[in-house]
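Engineer: My file is model_34.txt. It has compact mmCIF, N, CA and C atoms:
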# COMPACT_ATOMS: atom_id res chain seq x y z
N MET A 1 118.62 49.10 98.92
CA MET A 1 117.32 49.76 98.95
C MET A 1 117.37 51.05 99.76
N LYS A 2 118.08 51.01 100.91
CA LYS A 2 118.19 52.20 101.74
C LYS A 2 118.92 53.31 101.01
N ARG A 3 119.93 52.94 100.21
CA ARG A 3 120.68 53.95 99.44
C ARG A 3 119.78 54.60 98.40
N VAL A 4 118.94 53.81 97.75
CA VAL A 4 118.02 54.34 96.74
C VAL A 4 117.04 55.31 97.39
N LEU A 5 116.48 54.92 98.54
CA LEU A 5 115.55 55.80 99.25
C LEU A 5 116.24 57.08 99.71
N ALA A 6 117.46 56.97 100.19
CA ALA A 6 118.21 58.14 100.65
C ALA A 6 118.49 59.07 99.47
N ALA A 7 118.85 58.51 98.34
CA ALA A 7 119.12 59.32 97.14
C ALA A 7 117.84 60.00 96.66
N ALA A 8 116.75 59.25 96.67
CA ALA A 8 115.46 59.83 96.25
C ALA A 8 115.05 60.96 97.19
N ALA A 9 115.26 60.79 98.48
CA ALA A 9 114.93 61.83 99.45
C ALA A 9 115.79 63.06 99.21
N ALA A 10 117.07 62.88 98.91
CA ALA A 10 117.96 64.01 98.64
C ALA A 10 117.52 64.77 97.40
N VAL A 11 117.11 64.05 96.37
CA VAL A 11 116.62 64.69 95.15
C VAL A 11 115.36 65.50 95.44
N CYS A 12 114.44 64.95 96.22
CA CYS A 12 113.20 65.65 96.57
C CYS A 12 113.49 66.93 97.35
N VAL A 13 114.40 66.85 98.30
CA VAL A 13 114.77 68.04 99.08
C VAL A 13 115.38 69.09 98.17
N ALA A 14 116.24 68.67 97.26
CA ALA A 14 116.87 69.62 96.33
C ALA A 14 115.83 70.27 95.43
N MET A 15 114.85 69.50 94.97
CA MET A 15 113.80 70.05 94.10
C MET A 15 112.94 71.04 94.86
N LEU A 16 112.67 70.79 96.11
CA LEU A 16 111.87 71.71 96.92
C LEU A 16 112.63 73.00 97.19
N ALA A 17 113.94 72.96 97.24
CA ALA A 17 114.74 74.14 97.53
C ALA A 17 114.82 75.08 96.34
N VAL A 18 114.66 74.59 95.13
CA VAL A 18 114.79 75.43 93.93
C VAL A 18 113.84 76.61 93.94
N PRO A 19 112.53 76.47 94.21
CA PRO A 19 111.66 77.65 94.24
C PRO A 19 112.08 78.65 95.30
N ALA A 20 112.56 78.21 96.44
CA ALA A 20 113.00 79.12 97.49
C ALA A 20 114.22 79.91 97.03
N ILE A 21 115.11 79.24 96.32
CA ILE A 21 116.30 79.93 95.81
C ILE A 21 115.89 80.96 94.76
N ALA A 22 114.98 80.59 93.87
CA ALA A 22 114.51 81.53 92.85
C ALA A 22 113.85 82.74 93.50
N SER A 23 113.04 82.51 94.52
CA SER A 23 112.39 83.61 95.21
C SER A 23 113.41 84.50 95.88
N ALA A 24 114.43 83.91 96.48
CA ALA A 24 115.47 84.70 97.13
C ALA A 24 116.19 85.55 96.10
N ASP A 25 116.44 85.01 94.90
CA ASP A 25 117.09 85.78 93.84
C ASP A 25 116.22 86.95 93.40
N ASP A 26 114.91 86.75 93.30
CA ASP A 26 114.00 87.83 92.92
C ASP A 26 114.04 88.95 93.96
N ILE A 27 114.03 88.59 95.23
CA ILE A 27 114.07 89.58 96.30
C ILE A 27 115.40 90.33 96.27
N THR A 28 116.49 89.60 96.09
CA THR A 28 117.81 90.25 96.01
C THR A 28 117.84 91.23 94.86
N ALA A 29 117.33 90.82 93.70
CA ALA A 29 117.31 91.71 92.54
C ALA A 29 116.47 92.94 92.83
N CYS A 30 115.32 92.78 93.48
CA CYS A 30 114.46 93.92 93.82
C CYS A 30 115.19 94.90 94.72
N ASN A 31 115.95 94.40 95.67
CA ASN A 31 116.66 95.25 96.61
C ASN A 31 117.89 95.91 96.01
N GLU A 32 118.41 95.35 94.92
CA GLU A 32 119.63 95.88 94.31
C GLU A 32 119.36 96.84 93.16
N VAL A 33 118.11 97.00 92.76
CA VAL A 33 117.79 97.90 91.65
C VAL A 33 118.10 99.33 92.07
N ASN A 34 118.70 100.08 91.16
CA ASN A 34 118.98 101.50 91.39
C ASN A 34 117.78 102.29 90.85
N TYR A 35 116.80 102.54 91.72
CA TYR A 35 115.57 103.24 91.32
C TYR A 35 115.85 104.72 91.11
N GLY A 36 115.18 105.31 90.11
CA GLY A 36 115.30 106.73 89.85
C GLY A 36 114.61 107.55 90.94
N ALA A 37 115.04 108.79 91.11
CA ALA A 37 114.48 109.67 92.14
C ALA A 37 112.98 109.89 91.93
N ASP A 38 112.56 110.02 90.67
CA ASP A 38 111.14 110.23 90.35
C ASP A 38 110.31 109.01 90.77
N VAL A 39 110.84 107.82 90.54
CA VAL A 39 110.14 106.59 90.91
C VAL A 39 110.02 106.50 92.43
N LEU A 40 111.11 106.76 93.14
CA LEU A 40 111.09 106.70 94.60
C LEU A 40 110.16 107.74 95.20
N ALA A 41 110.09 108.92 94.59
CA ALA A 41 109.21 109.98 95.10
C ALA A 41 107.74 109.60 94.92
N LYS A 42 107.41 108.94 93.82
CA LYS A 42 106.01 108.60 93.53
C LYS A 42 105.60 107.24 94.06
N PHE A 43 106.57 106.39 94.39
CA PHE A 43 106.29 105.04 94.89
C PHE A 43 107.34 104.69 95.94
N PRO A 44 107.29 105.37 97.11
CA PRO A 44 108.36 105.22 98.12
C PRO A 44 108.54 103.80 98.65
N ASN A 45 107.52 102.96 98.60
CA ASN A 45 107.65 101.59 99.11
C ASN A 45 107.84 100.58 97.97
N ILE A 46 108.50 101.02 96.91
CA ILE A 46 108.69 100.19 95.73
C ILE A 46 109.49 98.92 96.03
N LYS A 47 110.51 99.01 96.89
CA LYS A 47 111.33 97.82 97.17
C LYS A 47 110.51 96.73 97.85
N GLU A 48 109.63 97.10 98.76
CA GLU A 48 108.81 96.12 99.47
C GLU A 48 107.76 95.50 98.55
N ALA A 49 107.30 96.27 97.56
CA ALA A 49 106.25 95.78 96.66
C ALA A 49 106.80 95.01 95.46
N CYS A 50 108.08 95.18 95.17
CA CYS A 50 108.70 94.52 94.02
C CYS A 50 108.59 93.00 94.14
N GLN A 51 108.10 92.36 93.09
CA GLN A 51 107.98 90.90 93.05
C GLN A 51 109.10 90.26 92.23
N LYS A 52 109.56 90.99 91.20
CA LYS A 52 110.54 90.43 90.28
C LYS A 52 111.12 91.57 89.45
N VAL A 53 112.33 91.37 88.95
CA VAL A 53 112.98 92.35 88.08
C VAL A 53 113.25 91.67 86.74
N MET A 54 112.98 92.41 85.64
CA MET A 54 113.24 91.85 84.33
C MET A 54 113.74 92.93 83.37
N GLU A 55 114.41 92.52 82.31
CA GLU A 55 114.95 93.44 81.32
C GLU A 55 114.22 93.24 80.00
N LYS A 56 113.89 94.35 79.34
CA LYS A 56 113.29 94.27 78.02
C LYS A 56 113.71 95.49 77.21
N ASP A 57 114.26 95.25 76.05
CA ASP A 57 114.68 96.31 75.14
C ASP A 57 115.55 97.36 75.82
N GLY A 58 116.45 96.89 76.68
CA GLY A 58 117.40 97.79 77.34
C GLY A 58 116.86 98.47 78.59
N GLY A 59 115.58 98.27 78.90
CA GLY A 59 115.00 98.86 80.11
C GLY A 59 114.89 97.82 81.22
N ILE A 60 115.03 98.26 82.45
CA ILE A 60 114.88 97.38 83.61
C ILE A 60 113.51 97.66 84.20
N TYR A 61 112.67 96.62 84.27
CA TYR A 61 111.30 96.75 84.76
C TYR A 61 111.11 95.95 86.04
N VAL A 62 110.32 96.51 86.94
CA VAL A 62 110.03 95.88 88.22
C VAL A 62 108.57 95.44 88.17
N LYS A 63 108.33 94.17 88.49
CA LYS A 63 106.98 93.59 88.44
C LYS A 63 106.29 93.74 89.80
N PHE A 64 104.99 94.07 89.75
CA PHE A 64 104.18 94.24 90.94
C PHE A 64 102.89 93.44 90.82
N THR A 65 102.28 93.22 91.96
CA THR A 65 100.98 92.56 92.03
C THR A 65 100.02 93.48 92.76
N GLY A 66 98.81 93.53 92.27
CA GLY A 66 97.78 94.33 92.92
C GLY A 66 96.45 93.62 92.91
N GLU A 67 95.54 94.12 93.72
CA GLU A 67 94.18 93.57 93.78
C GLU A 67 93.19 94.68 93.46
N VAL A 68 92.26 94.39 92.56
CA VAL A 68 91.23 95.36 92.19
C VAL A 68 90.29 95.55 93.38
N ILE A 69 90.12 96.79 93.79
CA ILE A 69 89.23 97.14 94.89
C ILE A 69 87.87 97.59 94.36
N SER A 70 87.90 98.36 93.25
CA SER A 70 86.65 98.79 92.63
C SER A 70 86.91 99.12 91.16
N VAL A 71 85.85 99.01 90.35
CA VAL A 71 85.92 99.31 88.93
C VAL A 71 84.82 100.30 88.58
N GLY A 72 85.21 101.41 87.96
CA GLY A 72 84.25 102.41 87.49
C GLY A 72 84.15 102.37 85.98
N LYS A 73 83.46 103.35 85.42
CA LYS A 73 83.25 103.40 83.97
C LYS A 73 84.57 103.56 83.21
N ASP A 74 85.46 104.42 83.72
CA ASP A 74 86.72 104.65 83.02
C ASP A 74 87.94 104.68 83.95
N ASP A 75 87.77 104.11 85.16
CA ASP A 75 88.91 103.98 86.05
C ASP A 75 88.71 102.82 87.02
N LEU A 76 89.77 102.42 87.68
CA LEU A 76 89.67 101.38 88.69
C LEU A 76 90.64 101.69 89.82
N THR A 77 90.33 101.18 91.00
CA THR A 77 91.18 101.35 92.16
C THR A 77 91.83 100.01 92.47
N VAL A 78 93.15 100.05 92.66
CA VAL A 78 93.94 98.85 92.89
C VAL A 78 94.80 99.05 94.13
N GLN A 79 94.84 98.03 94.98
CA GLN A 79 95.77 98.03 96.10
C GLN A 79 96.99 97.23 95.69
N ILE A 80 98.17 97.86 95.82
CA ILE A 80 99.43 97.22 95.51
C ILE A 80 99.88 96.44 96.74
N LYS A 81 100.29 95.20 96.52
CA LYS A 81 100.68 94.30 97.62
C LYS A 81 102.20 94.20 97.73
N ASP A 82 102.69 94.02 98.95
CA ASP A 82 104.11 93.73 99.12
C ASP A 82 104.34 92.23 98.94
N ARG A 83 105.57 91.79 99.14
CA ARG A 83 105.90 90.37 98.93
C ARG A 83 105.17 89.44 99.88
N ASN A 84 104.65 89.98 100.99
CA ASN A 84 103.90 89.17 101.96
C ASN A 84 102.40 89.26 101.76
N GLY A 85 101.96 89.97 100.71
CA GLY A 85 100.53 90.08 100.43
C GLY A 85 99.83 91.22 101.16
N LYS A 86 100.58 92.06 101.87
CA LYS A 86 100.01 93.19 102.60
C LYS A 86 99.88 94.39 101.65
N ALA A 87 98.74 95.08 101.70
CA ALA A 87 98.53 96.26 100.87
C ALA A 87 99.45 97.39 101.35
N VAL A 88 100.27 97.94 100.43
CA VAL A 88 101.20 99.01 100.80
C VAL A 88 100.93 100.31 100.07
N SER A 89 100.11 100.27 99.03
CA SER A 89 99.82 101.46 98.24
C SER A 89 98.47 101.26 97.55
N GLU A 90 97.82 102.37 97.25
CA GLU A 90 96.55 102.30 96.53
C GLU A 90 96.63 103.28 95.37
N MET A 91 96.21 102.85 94.20
CA MET A 91 96.24 103.69 93.00
C MET A 91 94.91 103.65 92.29
N VAL A 92 94.50 104.81 91.80
CA VAL A 92 93.34 104.91 90.92
C VAL A 92 93.91 105.06 89.52
N MET A 93 93.56 104.13 88.64
CA MET A 93 94.09 104.10 87.28
C MET A 93 92.99 104.37 86.28
N GLY A 94 93.29 105.22 85.31
CA GLY A 94 92.37 105.45 84.21
C GLY A 94 92.70 104.49 83.08
N PHE A 95 91.72 104.22 82.24
CA PHE A 95 91.98 103.30 81.13
C PHE A 95 91.12 103.63 79.93
N ALA A 96 91.62 103.24 78.77
CA ALA A 96 90.87 103.35 77.52
C ALA A 96 90.01 102.10 77.37
N PRO A 97 88.90 102.18 76.62
CA PRO A 97 87.99 101.03 76.51
C PRO A 97 88.63 99.73 76.05
N ASP A 98 89.63 99.80 75.18
CA ASP A 98 90.25 98.57 74.66
C ASP A 98 91.57 98.23 75.33
N GLN A 99 91.97 98.98 76.34
CA GLN A 99 93.24 98.73 77.02
C GLN A 99 93.17 97.45 77.84
N THR A 100 94.28 96.67 77.85
CA THR A 100 94.30 95.39 78.56
C THR A 100 95.41 95.37 79.61
N ILE A 101 95.30 94.39 80.50
CA ILE A 101 96.29 94.16 81.54
C ILE A 101 96.26 92.67 81.88
N ASN A 102 97.34 92.16 82.46
CA ASN A 102 97.40 90.75 82.84
C ASN A 102 96.61 90.57 84.14
N ALA A 103 95.50 89.88 84.05
CA ALA A 103 94.66 89.57 85.22
C ALA A 103 94.34 88.08 85.18
N ARG A 104 94.48 87.44 86.31
CA ARG A 104 94.22 86.01 86.41
C ARG A 104 95.07 85.23 85.40
N GLY A 105 96.25 85.79 85.06
CA GLY A 105 97.16 85.10 84.16
C GLY A 105 96.88 85.27 82.68
N VAL A 106 95.86 86.05 82.32
CA VAL A 106 95.53 86.28 80.91
C VAL A 106 95.33 87.77 80.65
N GLU A 107 95.56 88.17 79.41
CA GLU A 107 95.30 89.55 79.03
C GLU A 107 93.79 89.81 79.10
N THR A 108 93.41 90.82 79.85
CA THR A 108 92.00 91.12 80.11
C THR A 108 91.76 92.61 79.91
N ARG A 109 90.66 92.97 79.29
CA ARG A 109 90.32 94.39 79.15
C ARG A 109 90.05 94.98 80.54
N PHE A 110 90.53 96.20 80.76
CA PHE A 110 90.28 96.86 82.04
C PHE A 110 88.80 96.88 82.36
N ALA A 111 87.98 97.14 81.36
CA ALA A 111 86.53 97.23 81.56
C ALA A 111 85.92 95.91 82.03
N ASP A 112 86.60 94.79 81.81
CA ASP A 112 86.08 93.49 82.21
C ASP A 112 86.59 93.03 83.58
N LEU A 113 87.41 93.84 84.22
CA LEU A 113 87.93 93.47 85.53
C LEU A 113 86.84 93.52 86.59
N LYS A 114 87.04 92.74 87.64
CA LYS A 114 86.08 92.68 88.74
C LYS A 114 86.81 92.84 90.06
N LYS A 115 86.09 93.29 91.07
CA LYS A 115 86.64 93.42 92.41
C LYS A 115 87.26 92.08 92.82
N GLY A 116 88.46 92.14 93.37
CA GLY A 116 89.15 90.93 93.81
C GLY A 116 90.11 90.36 92.78
N ASP A 117 90.04 90.80 91.51
CA ASP A 117 90.97 90.30 90.49
C ASP A 117 92.40 90.67 90.86
N GLU A 118 93.32 89.74 90.63
CA GLU A 118 94.74 90.00 90.85
C GLU A 118 95.36 90.47 89.54
N LEU A 119 96.10 91.58 89.61
CA LEU A 119 96.73 92.16 88.43
C LEU A 119 98.25 92.10 88.56
N HIS A 120 98.91 92.07 87.42
CA HIS A 120 100.36 92.17 87.37
C HIS A 120 100.70 93.34 86.47
N PHE A 121 101.59 94.20 86.94
CA PHE A 121 102.00 95.33 86.13
C PHE A 121 103.43 95.70 86.47
N TYR A 122 103.98 96.68 85.75
CA TYR A 122 105.40 96.97 85.79
C TYR A 122 105.68 98.46 85.89
N VAL A 123 106.83 98.78 86.51
CA VAL A 123 107.36 100.14 86.55
C VAL A 123 108.77 100.05 86.01
N GLU A 124 109.15 100.98 85.13
CA GLU A 124 110.52 101.05 84.64
C GLU A 124 111.35 101.69 85.74
N ARG A 125 112.45 101.10 86.11
CA ARG A 125 113.19 101.48 87.31
C ARG A 125 113.69 102.92 87.33
N ALA A 126 113.98 103.50 86.19
CA ALA A 126 114.62 104.81 86.15
C ALA A 126 113.64 105.99 86.07
N ARG A 127 112.43 105.73 85.57
CA ARG A 127 111.47 106.84 85.41
C ARG A 127 110.07 106.35 85.74
N TRP A 128 109.27 107.23 86.30
CA TRP A 128 107.94 106.85 86.72
C TRP A 128 107.06 106.55 85.52
N GLY A 129 106.31 105.51 85.61
CA GLY A 129 105.33 105.09 84.62
C GLY A 129 104.85 103.71 84.99
N LEU A 130 103.58 103.46 84.81
CA LEU A 130 102.98 102.17 85.14
C LEU A 130 102.59 101.51 83.82
N PHE A 131 102.99 100.24 83.65
CA PHE A 131 102.78 99.54 82.38
C PHE A 131 102.12 98.19 82.62
N SER A 132 101.24 97.79 81.69
CA SER A 132 100.62 96.46 81.79
C SER A 132 101.60 95.36 81.39
N GLN A 133 102.57 95.70 80.55
CA GLN A 133 103.66 94.81 80.14
C GLN A 133 104.88 95.68 79.91
N PRO A 134 106.09 95.18 80.14
CA PRO A 134 107.28 95.97 79.84
C PRO A 134 107.27 96.43 78.39
N GLY A 135 107.48 97.71 78.18
CA GLY A 135 107.52 98.26 76.83
C GLY A 135 106.18 98.63 76.24
N SER A 136 105.07 98.36 76.94
CA SER A 136 103.74 98.73 76.42
C SER A 136 103.45 100.21 76.72
N SER A 137 102.32 100.70 76.25
CA SER A 137 101.95 102.08 76.55
C SER A 137 101.62 102.19 78.04
N SER A 138 101.86 103.37 78.58
CA SER A 138 101.69 103.52 80.03
C SER A 138 100.22 103.62 80.43
N ILE A 139 99.97 103.23 81.67
CA ILE A 139 98.64 103.32 82.27
C ILE A 139 98.56 104.67 82.98
N THR A 140 97.44 105.35 82.83
CA THR A 140 97.25 106.63 83.50
C THR A 140 96.98 106.40 84.98
N VAL A 141 97.79 107.03 85.82
CA VAL A 141 97.58 106.97 87.27
C VAL A 141 96.96 108.29 87.69
N LYS A 142 95.70 108.23 88.11
CA LYS A 142 94.98 109.45 88.51
C LYS A 142 95.30 109.86 89.93
N GLU A 143 95.41 108.88 90.82
CA GLU A 143 95.71 109.13 92.22
C GLU A 143 96.56 107.99 92.75
N ARG A 144 97.34 108.29 93.78
CA ARG A 144 98.09 107.24 94.46
C ARG A 144 98.35 107.68 95.88
N LYS A 145 98.36 106.70 96.78
CA LYS A 145 98.66 107.00 98.18
C LYS A 145 99.29 105.77 98.82
N ALA A 146 100.17 106.02 99.76
CA ALA A 146 100.78 104.94 100.53
C ALA A 146 99.80 104.52 101.61
N LEU A 147 99.77 103.25 101.95
CA LEU A 147 98.89 102.74 103.01
C LEU A 147 99.69 102.39 104.25
Just give me the structure as structure tokens.
Structural biologist:
Amino acid sequence: MKRVLAAAAAVCVAMLAVPAIASADDITACNEVNYGADVLAKFPNIKEACQKVMEKDGGIYVKFTGEVISVGKDDLTVQIKDRNGKAVSEMVMGFAPDQTINARGVETRFADLKKGDELHFYVERARWGLFSQPGSSSITVKERKAL
């Protein structure tokens, strides 16, 4: 019985370690990306804000998380968060009426976003551009500033 309990405990510990290992891999990938000069100039704290790195159609995209601060008729202000949830950048984004982005885990029209909504978006590592999904049309960035 003690052996069974010990084995079960070992399995539980191993299962709990898997998310930590995956997170460590995401951070390592974020730190190892060779960002383009244009990207670094426009988003100097990109490494701290990077949540995950992914490849699509030959492009390397970096995933970010942001929080909606305000929504206007044709633009919104978003604070970009680092891996610890601290705001590191603020961007004012313009949008078309039917344009969507991943908010609360679902595709949502920009016009339907609300203050406090969490957004996920992407930057292609080699050239500046903000995307709601890798390979989608770019989001217009009207203003940006480091915090």
Engineer: Using Å and a single decimal, report how far CA of Lys142 in chain A sits from CA of Val92 in chain A.
Structural biologist: 5.4 Å
Engineer: Could you jot down the CA of Val78 in chain A to CA of Asp57 in chain A separation for me, Å, one decimal place?
Structural biologist: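 We find that CA of Val78 in chain A and CA of Asp57 in chain A lie 27.4 Å from each other.
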Engineer: For Gly105 in chain A, which residue out of A:Thr65, A:Asp25, A:Asp82, A:Arg127 is the nearest one, using only C-alpha atoms?
Structural biologist: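 Closest candidate: A:Thr65.
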Engineer: Quick one, how far is CA of Cys50 in chain A from CA of Glu124 in chain A?
Structural biologist: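 Value for the CA of Cys50 in chain A-CA of Glu124 in chain A distance: 11.6 Å.
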Engineer: Would you please give, as a ChimeraX atom specification, all residues of range 12-142 of chain A that DSSP assigns to alpha helix (DSSP H) based on the backbone?
Structural biologist: /A:12-32,37-42,46-49
Engineer: Got a sec: who's within 9 Å of Lys56 in chain A, counting only C-alpha atoms, leaving out chain neighbours fewer than 5 positions off, as a list of chain:residue names?
Structural biologist: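 My list of contacting residues is A:Tyr61, A:Pro134, A:Gly135.
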Engineer: Next, dump the selected residues to file, keeping only N, CA and C atoms, as a short mmCIF file (atom, residue, chain, number, x, y, z; two decimals), in the coordinates of the input.
Structural biologist:
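What follows is the written file selection-v2.cif:
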data_model
loop_
_atom_site.label_atom_id
_atom_site.label_comp_id
_atom_site.auth_asym_id
_atom_site.auth_seq_id
_atom_site.Cartn_x
_atom_site.Cartn_y
_atom_site.Cartn_z
N TYR A 61 112.67 96.62 84.27
CA TYR A 61 111.30 96.75 84.76
C TYR A 61 111.11 95.95 86.04
N PRO A 134 106.09 95.18 80.14
CA PRO A 134 107.28 95.97 79.84
C PRO A 134 107.27 96.43 78.39
N GLY A 135 107.48 97.71 78.18
CA GLY A 135 107.52 98.26 76.83
C GLY A 135 106.18 98.63 76.24
#
Engineer: Which residues are near range 93-101 of chain A? Cut-off 5 Å, all atoms listed in the file, ignore same chain within fewer than 4 positions. Put them as a PyMOL selection string.
Structural biologist: chain A and resi 74-77+107-110+132+140-142
Engineer: For the point (112.9, 95.4, 84.1) in the file's frame, write as JSON, numbers by chain all residues with an atom no more than 7 Å away, counting only N, CA and C atoms.
Structural biologist: {"A": [52, 53, 54, 55, 56, 59, 60, 61, 62, 63, 123, 124, 125]}
Engineer: For Ser89 in chain A, which residue out of A:Leu130, A:Val39, A:Ile27, A:Ala49 is the nearest one, using only C-alpha atoms?
Structural biologist: A:Ala49
Engineer: Residues near Lys86 in chain A, anyone? I mean within 12 Å using only C-alpha atoms, not counting same-chain ones fewer than 5 positions away, as a list of chain:residue names.
Structural biologist: A:Asn45, A:Glu48, A:Ala49, A:Thr65, A:Gly66, A:Glu67, A:Gln79, A:Ile80, A:Lys81, A:Ala146, A:Leu147
Engineer: Looking at A:Ile46, A:Cys30, A:Val68, A:Ala41, which one is nearest to Lys115 in chain A, with distances taken over only N, CA and C atoms?
Structural biologist: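 Among the listed residues, A:Val68 lies closest to Lys115 in chain A.
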Engineer: Which residue out of A:Gly129, A:Gly116, A:Pro44, A:Gly58 has the minimum interatomic distance to Ser70 in chain A when only N, CA and C atoms are used?
Structural biologist: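 Under the stated criterion, the closest residue is A:Gly116.
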Engineer: Of the candidates A:Gly72, A:Trp128, A:Arg144, A:Gly85, which shows the shortest atom-to-atom distance to Asp112 in chain A, using only C-alpha atoms?
Structural biologist: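 Selected residue with least distance to Asp112 in chain A: A:Gly72.
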Engineer: Using the chain letters and numbers from this document, which residues of range 23-119 of chain A does DSSP assign to strand (DSSP E), as a ChimeraX atom specification?
Structural biologist: /A:52-56,59-71,75-81,87-94,100-103,106-109,118-119
Engineer: Deliver the residues from the most recent selection as a file, using N, CA and C atoms, as a tab-separated table (two decimals), in the frame of the given file.
Structural biologist:
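Below is the file out_9.tsv, written as the result:
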chain	number	residue	atom	x	y	z
A	52	LYS	N	109.56	90.99	91.20
A	52	LYS	CA	110.54	90.43	90.28
A	52	LYS	C	111.12	91.57	89.45
A	53	VAL	N	112.33	91.37	88.95
A	53	VAL	CA	112.98	92.35	88.08
A	53	VAL	C	113.25	91.67	86.74
A	54	MET	N	112.98	92.41	85.64
A	54	MET	CA	113.24	91.85	84.33
A	54	MET	C	113.74	92.93	83.37
A	55	GLU	N	114.41	92.52	82.31
A	55	GLU	CA	114.95	93.44	81.32
A	55	GLU	C	114.22	93.24	80.00
A	56	LYS	N	113.89	94.35	79.34
A	56	LYS	CA	113.29	94.27	78.02
A	56	LYS	C	113.71	95.49	77.21
A	59	GLY	N	115.58	98.27	78.90
A	59	GLY	CA	115.00	98.86	80.11
A	59	GLY	C	114.89	97.82	81.22
A	60	ILE	N	115.03	98.26	82.45
A	60	ILE	CA	114.88	97.38	83.61
A	60	ILE	C	113.51	97.66	84.20
A	61	TYR	N	112.67	96.62	84.27
A	61	TYR	CA	111.30	96.75	84.76
A	61	TYR	C	111.11	95.95	86.04
A	62	VAL	N	110.32	96.51	86.94
A	62	VAL	CA	110.03	95.88	88.22
A	62	VAL	C	108.57	95.44	88.17
A	63	LYS	N	108.33	94.17	88.49
A	63	LYS	CA	106.98	93.59	88.44
A	63	LYS	C	106.29	93.74	89.80
A	64	PHE	N	104.99	94.07	89.75
A	64	PHE	CA	104.18	94.24	90.94
A	64	PHE	C	102.89	93.44	90.82
A	65	THR	N	102.28	93.22	91.96
A	65	THR	CA	100.98	92.56	92.03
A	65	THR	C	100.02	93.48	92.76
A	66	GLY	N	98.81	93.53	92.27
A	66	GLY	CA	97.78	94.33	92.92
A	66	GLY	C	96.45	93.62	92.91
A	67	GLU	N	95.54	94.12	93.72
A	67	GLU	CA	94.18	93.57	93.78
A	67	GLU	C	93.19	94.68	93.46
A	68	VAL	N	92.26	94.39	92.56
A	68	VAL	CA	91.23	95.36	92.19
A	68	VAL	C	90.29	95.55	93.38
A	69	ILE	N	90.12	96.79	93.79
A	69	ILE	CA	89.23	97.14	94.89
A	69	ILE	C	87.87	97.59	94.36
A	70	SER	N	87.90	98.36	93.25
A	70	SER	CA	86.65	98.79	92.63
A	70	SER	C	86.91	99.12	91.16
A	71	VAL	N	85.85	99.01	90.35
A	71	VAL	CA	85.92	99.31	88.93
A	71	VAL	C	84.82	100.30	88.58
A	75	ASP	N	87.77	104.11	85.16
A	75	ASP	CA	88.91	103.98	86.05
A	75	ASP	C	88.71	102.82	87.02
A	76	LEU	N	89.77	102.42	87.68
A	76	LEU	CA	89.67	101.38	88.69
A	76	LEU	C	90.64	101.69	89.82
A	77	THR	N	90.33	101.18	91.00
A	77	THR	CA	91.18	101.35	92.16
A	77	THR	C	91.83	100.01	92.47
A	78	VAL	N	93.15	100.05	92.66
A	78	VAL	CA	93.94	98.85	92.89
A	78	VAL	C	94.80	99.05	94.13
A	79	GLN	N	94.84	98.03	94.98
A	79	GLN	CA	95.77	98.03	96.10
A	79	GLN	C	96.99	97.23	95.69
A	80	ILE	N	98.17	97.86	95.82
A	80	ILE	CA	99.43	97.22	95.51
A	80	ILE	C	99.88	96.44	96.74
A	81	LYS	N	100.29	95.20	96.52
A	81	LYS	CA	100.68	94.30	97.62
A	81	LYS	C	102.20	94.20	97.73
A	87	ALA	N	98.74	95.08	101.70
A	87	ALA	CA	98.53	96.26	100.87
A	87	ALA	C	99.45	97.39	101.35
A	88	VAL	N	100.27	97.94	100.43
A	88	VAL	CA	101.20	99.01	100.80
A	88	VAL	C	100.93	100.31	100.07
A	89	SER	N	100.11	100.27	99.03
A	89	SER	CA	99.82	101.46	98.24
A	89	SER	C	98.47	101.26	97.55
A	90	GLU	N	97.82	102.37	97.25
A	90	GLU	CA	96.55	102.30	96.53
A	90	GLU	C	96.63	103.28	95.37
A	91	MET	N	96.21	102.85	94.20
A	91	MET	CA	96.24	103.69	93.00
A	91	MET	C	94.91	103.65	92.29
A	92	VAL	N	94.50	104.81	91.80
A	92	VAL	CA	93.34	104.91	90.92
A	92	VAL	C	93.91	105.06	89.52
A	93	MET	N	93.56	104.13	88.64
A	93	MET	CA	94.09	104.10	87.28
A	93	MET	C	92.99	104.37	86.28
A	94	GLY	N	93.29	105.22	85.31
A	94	GLY	CA	92.37	105.45	84.21
A	94	GLY	C	92.70	104.49	83.08
A	100	THR	N	94.28	96.67	77.85
A	100	THR	CA	94.30	95.39	78.56
A	100	THR	C	95.41	95.37	79.61
A	101	ILE	N	95.30	94.39	80.50
A	101	ILE	CA	96.29	94.16	81.54
A	101	ILE	C	96.26	92.67	81.88
A	102	ASN	N	97.34	92.16	82.46
A	102	ASN	CA	97.40	90.75	82.84
A	102	ASN	C	96.61	90.57	84.14
A	103	ALA	N	95.50	89.88	84.05
A	103	ALA	CA	94.66	89.57	85.22
A	103	ALA	C	94.34	88.08	85.18
A	106	VAL	N	95.86	86.05	82.32
A	106	VAL	CA	95.53	86.28	80.91
A	106	VAL	C	95.33	87.77	80.65
A	107	GLU	N	95.56	88.17	79.41
A	107	GLU	CA	95.30	89.55	79.03
A	107	GLU	C	93.79	89.81	79.10
A	108	THR	N	93.41	90.82	79.85
A	108	THR	CA	92.00	91.12	80.11
A	108	THR	C	91.76	92.61	79.91
A	109	ARG	N	90.66	92.97	79.29
A	109	ARG	CA	90.32	94.39	79.15
A	109	ARG	C	90.05	94.98	80.54
A	118	GLU	N	93.32	89.74	90.63
A	118	GLU	CA	94.74	90.00	90.85
A	118	GLU	C	95.36	90.47	89.54
A	119	LEU	N	96.10	91.58	89.61
A	119	LEU	CA	96.73	92.16	88.43
A	119	LEU	C	98.25	92.10	88.56
Engineer: Considering only C-alpha atoms, can you say which of A:Met91, A:Ala111, A:Ile69, A:Ala29 comes closest to Lys42 in chain A?
Structural biologist: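 Nearest candidate to Lys42 in chain A out of A:Met91, A:Ala111, A:Ile69, A:Ala29: A:Met91.
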